[in-house]
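**Q** Mind having a look at this structure? Questions to follow.
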Amino acid sequence: MVDHIVDTSEPRGRIDIQVGVGRRRRWSDQAKGRIVAESYAPGAIVSEVARRHGISPQHLFAWRKAARAGVLSLPADEAPLFVPVETKLCAAGAREAATRTSTTITIEIGGVVVRVAAGVDPAWLRDVLRAVKAAT
């Protein structure tokens with residue numbers, strides 16, 4: 001005796017068949033940096049940012065850790081960043097040494113001194129300063 005008859009003449013619904021690696025995606029460093037920067041925005045919630053981009057919060061936390069370690073660089077802000085400059089008066093002997101190395105800039109962040117020569121790549125310097133700041 002048949003209790004239930006299935007009508008197969010009508011479409012039943014959509015079936016998606018995924019082949020290959022499935023949900024695994026490759027993210028460019030720029031996209032990772034943009035997503036990490038979005039997660040650091042004031043008022044942002046990491047799980048919501050991760051959900052919006054289709055990744056797990058643990059994945060986003062791993063990218064944030066890489067950014068703090070200096071492995072992943074975040075996009076530069078649109079507005080220029082200014083830091084206070086401190087000048088010191090030098091004695092006569094120190095002044096002669098200063099004129100010989102006038103193309104060197106000394107930056108101190110949290111007790112770490114970074115000396116930069118003229119012509120350095122600004123993107124490289126930005127990454128170095130972010131890594132120093134993250135380490136201090």
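Going by the structure tokens order, chains are called A, B, ..., each with residues numbered from 1, while ligands are numbered from 1 in the order shown.
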Name all residues at most 10 Å from Val128 (chain A) (count only C-alpha atoms; drop same-chain ones fewer than 4 positions away) and give them as a compact mmCIF listing (two decimals) with N, CA and C atoms, in the first residue's frame.

**A**
# COMPACT_ATOMS: atom_id res chain seq x y z
N GLY A 70 53.50 43.48 12.39
CA GLY A 70 54.16 44.14 11.27
C GLY A 70 54.23 43.30 10.02
N SER A 73 50.42 45.08 6.49
CA SER A 73 50.34 46.53 6.63
C SER A 73 48.91 47.00 6.37
N VAL A 114 64.60 55.39 15.72
CA VAL A 114 64.70 55.01 14.32
C VAL A 114 65.35 56.16 13.58
N PRO A 122 58.71 55.94 1.51
CA PRO A 122 57.74 56.27 2.57
C PRO A 122 56.89 55.07 3.00
N ALA A 123 56.52 54.19 2.07
CA ALA A 123 55.72 53.02 2.43
C ALA A 123 56.51 52.08 3.34
N TRP A 124 57.80 51.91 3.06
CA TRP A 124 58.65 51.06 3.89
C TRP A 124 58.79 51.68 5.28
N VAL A 132 57.24 49.06 14.90
CA VAL A 132 57.85 49.53 16.15
C VAL A 132 56.77 49.92 17.15
N LYS A 133 55.77 50.63 16.67
CA LYS A 133 54.69 51.06 17.56
C LYS A 133 53.92 49.86 18.12
N ALA A 134 53.71 48.84 17.28
CA ALA A 134 53.00 47.64 17.74
C ALA A 134 53.82 46.85 18.75

**Q** Between A:Pro11, A:Pro75, A:Gly110, A:Gly119, single out the one closest to Glu38 (chain A), counting only C-alpha atoms.

**A** A:Pro75

**Q** What does the distance between CA of Val46 (chain A) and CA of Ala135 (chain A) come to in Å, to one decimal place?

**A**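 Separating CA of Val46 (chain A) from CA of Ala135 (chain A) is a distance of 21.8 Å.
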
**Q** Can you list, as an NGL selection string, every protein, DNA or RNA residue that comes within 9 Å of Asp29 (chain A) when you count only C-alpha atoms, leaving out same-chain residues fewer than 3 positions away?

**A** :A and (32-34 or 72-74)

**Q** How about saving the chosen residues, N, CA and C atoms kept, as a PDB file, in the first residue's frame?

**A**
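Contents of again.pdb, as written:
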ATOM      1  N   LYS A  32      43.042  42.343   2.980  1.00  0.00           N
ATOM      2  CA  LYS A  32      43.203  42.002   4.398  1.00  0.00           C
ATOM      3  C   LYS A  32      43.425  43.264   5.220  1.00  0.00           C
ATOM      4  N   GLY A  33      44.307  44.139   4.744  1.00  0.00           N
ATOM      5  CA  GLY A  33      44.586  45.380   5.463  1.00  0.00           C
ATOM      6  C   GLY A  33      43.362  46.253   5.603  1.00  0.00           C
ATOM      7  N   ARG A  34      42.553  46.322   4.530  1.00  0.00           N
ATOM      8  CA  ARG A  34      41.341  47.134   4.561  1.00  0.00           C
ATOM      9  C   ARG A  34      40.347  46.565   5.577  1.00  0.00           C
ATOM     10  N   LEU A  72      51.517  42.328   8.251  1.00  0.00           N
ATOM     11  CA  LEU A  72      50.457  42.820   7.378  1.00  0.00           C
ATOM     12  C   LEU A  72      50.343  44.324   7.572  1.00  0.00           C
ATOM     13  N   SER A  73      50.417  45.077   6.487  1.00  0.00           N
ATOM     14  CA  SER A  73      50.336  46.532   6.626  1.00  0.00           C
ATOM     15  C   SER A  73      48.912  47.000   6.368  1.00  0.00           C
ATOM     16  N   LEU A  74      48.491  47.965   7.150  1.00  0.00           N
ATOM     17  CA  LEU A  74      47.164  48.541   7.019  1.00  0.00           C
ATOM     18  C   LEU A  74      47.224  49.698   6.029  1.00  0.00           C
TER      19      LEU A  74
END

**Q** For Trp63 (chain A), work out the shell of residues within 10 Å, counting only C-alpha atoms and skipping chain neighbours fewer than 3 positions away, then give it as number ranges by chain.

**A** A: 29, 32-33, 35-36, 57-60, 66-69, 71-72

**Q** Got time to write the residues from that selection, N, CA, C and O atoms, as a PDB file, in the first residue's frame?

**A**
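Writing done, so here's selection.pdb:
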ATOM      1  N   ASP A  29      46.739  41.155   0.118  1.00  0.00           N
ATOM      2  CA  ASP A  29      47.195  41.872   1.312  1.00  0.00           C
ATOM      3  C   ASP A  29      46.452  43.193   1.477  1.00  0.00           C
ATOM      4  O   ASP A  29      46.184  43.629   2.595  1.00  0.00           O
ATOM      5  N   LYS A  32      43.042  42.343   2.980  1.00  0.00           N
ATOM      6  CA  LYS A  32      43.203  42.002   4.398  1.00  0.00           C
ATOM      7  C   LYS A  32      43.425  43.264   5.220  1.00  0.00           C
ATOM      8  O   LYS A  32      42.818  43.448   6.276  1.00  0.00           O
ATOM      9  N   GLY A  33      44.307  44.139   4.744  1.00  0.00           N
ATOM     10  CA  GLY A  33      44.586  45.380   5.463  1.00  0.00           C
ATOM     11  C   GLY A  33      43.362  46.253   5.603  1.00  0.00           C
ATOM     12  O   GLY A  33      43.122  46.850   6.655  1.00  0.00           O
ATOM     13  N   ILE A  35      40.198  45.236   5.622  1.00  0.00           N
ATOM     14  CA  ILE A  35      39.265  44.605   6.553  1.00  0.00           C
ATOM     15  C   ILE A  35      39.752  44.774   7.995  1.00  0.00           C
ATOM     16  O   ILE A  35      38.968  45.068   8.900  1.00  0.00           O
ATOM     17  N   VAL A  36      41.058  44.616   8.220  1.00  0.00           N
ATOM     18  CA  VAL A  36      41.619  44.797   9.565  1.00  0.00           C
ATOM     19  C   VAL A  36      41.440  46.243  10.018  1.00  0.00           C
ATOM     20  O   VAL A  36      41.053  46.511  11.158  1.00  0.00           O
ATOM     21  N   PRO A  57      35.392  35.149  12.855  1.00  0.00           N
ATOM     22  CA  PRO A  57      36.082  36.111  13.714  1.00  0.00           C
ATOM     23  C   PRO A  57      37.502  35.664  14.059  1.00  0.00           C
ATOM     24  O   PRO A  57      38.408  36.492  14.165  1.00  0.00           O
ATOM     25  N   GLN A  58      37.722  34.357  14.202  1.00  0.00           N
ATOM     26  CA  GLN A  58      39.060  33.862  14.510  1.00  0.00           C
ATOM     27  C   GLN A  58      40.033  34.183  13.376  1.00  0.00           C
ATOM     28  O   GLN A  58      41.195  34.503  13.619  1.00  0.00           O
ATOM     29  N   HIS A  59      39.535  34.101  12.143  1.00  0.00           N
ATOM     30  CA  HIS A  59      40.364  34.437  10.975  1.00  0.00           C
ATOM     31  C   HIS A  59      40.760  35.912  11.022  1.00  0.00           C
ATOM     32  O   HIS A  59      41.918  36.274  10.803  1.00  0.00           O
ATOM     33  N   LEU A  60      39.782  36.765  11.323  1.00  0.00           N
ATOM     34  CA  LEU A  60      40.051  38.204  11.403  1.00  0.00           C
ATOM     35  C   LEU A  60      41.007  38.510  12.558  1.00  0.00           C
ATOM     36  O   LEU A  60      41.898  39.359  12.416  1.00  0.00           O
ATOM     37  N   ALA A  66      48.667  39.569  12.896  1.00  0.00           N
ATOM     38  CA  ALA A  66      49.706  39.759  11.885  1.00  0.00           C
ATOM     39  C   ALA A  66      49.976  41.242  11.652  1.00  0.00           C
ATOM     40  O   ALA A  66      51.128  41.651  11.469  1.00  0.00           O
ATOM     41  N   ALA A  67      48.942  42.055  11.696  1.00  0.00           N
ATOM     42  CA  ALA A  67      49.123  43.500  11.520  1.00  0.00           C
ATOM     43  C   ALA A  67      49.893  44.091  12.698  1.00  0.00           C
ATOM     44  O   ALA A  67      50.760  44.946  12.517  1.00  0.00           O
ATOM     45  N   ARG A  68      49.594  43.638  13.917  1.00  0.00           N
ATOM     46  CA  ARG A  68      50.326  44.135  15.089  1.00  0.00           C
ATOM     47  C   ARG A  68      51.791  43.717  15.051  1.00  0.00           C
ATOM     48  O   ARG A  68      52.658  44.437  15.529  1.00  0.00           O
ATOM     49  N   ALA A  69      52.058  42.549  14.470  1.00  0.00           N
ATOM     50  CA  ALA A  69      53.438  42.054  14.380  1.00  0.00           C
ATOM     51  C   ALA A  69      54.196  42.706  13.225  1.00  0.00           C
ATOM     52  O   ALA A  69      55.396  42.500  13.082  1.00  0.00           O
ATOM     53  N   VAL A  71      53.603  42.132  10.020  1.00  0.00           N
ATOM     54  CA  VAL A  71      53.611  41.260   8.847  1.00  0.00           C
ATOM     55  C   VAL A  71      52.610  41.752   7.807  1.00  0.00           C
ATOM     56  O   VAL A  71      52.834  41.634   6.610  1.00  0.00           O
ATOM     57  N   LEU A  72      51.517  42.328   8.251  1.00  0.00           N
ATOM     58  CA  LEU A  72      50.457  42.820   7.378  1.00  0.00           C
ATOM     59  C   LEU A  72      50.343  44.324   7.572  1.00  0.00           C
ATOM     60  O   LEU A  72      50.206  44.792   8.697  1.00  0.00           O
TER      61      LEU A  72
END

**Q** Using Å and a single decimal, report how far CA of Asp121 (chain A) sits from CA of Ala62 (chain A).

**A**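 Between CA of Ala62 (chain A) and CA of Asp121 (chain A) the gap works out to 27.5 Å.
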
**Q** Hey, which of A:Val113, A:Ala44, A:Ala76, A:Ile107 ends up closest to Asp127 (chain A)? Count only C-alpha atoms.

**A**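 Nearest candidate to Asp127 (chain A) out of A:Val113, A:Ala44, A:Ala76, A:Ile107: A:Ala76.
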
**Q** Kindly give the distance, in Å, that separates CA of Ile15 (chain A) and CA of Glu48 (chain A), rounded to a single decimal.

**A**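 Interatomic distance here is 28.2 Å.
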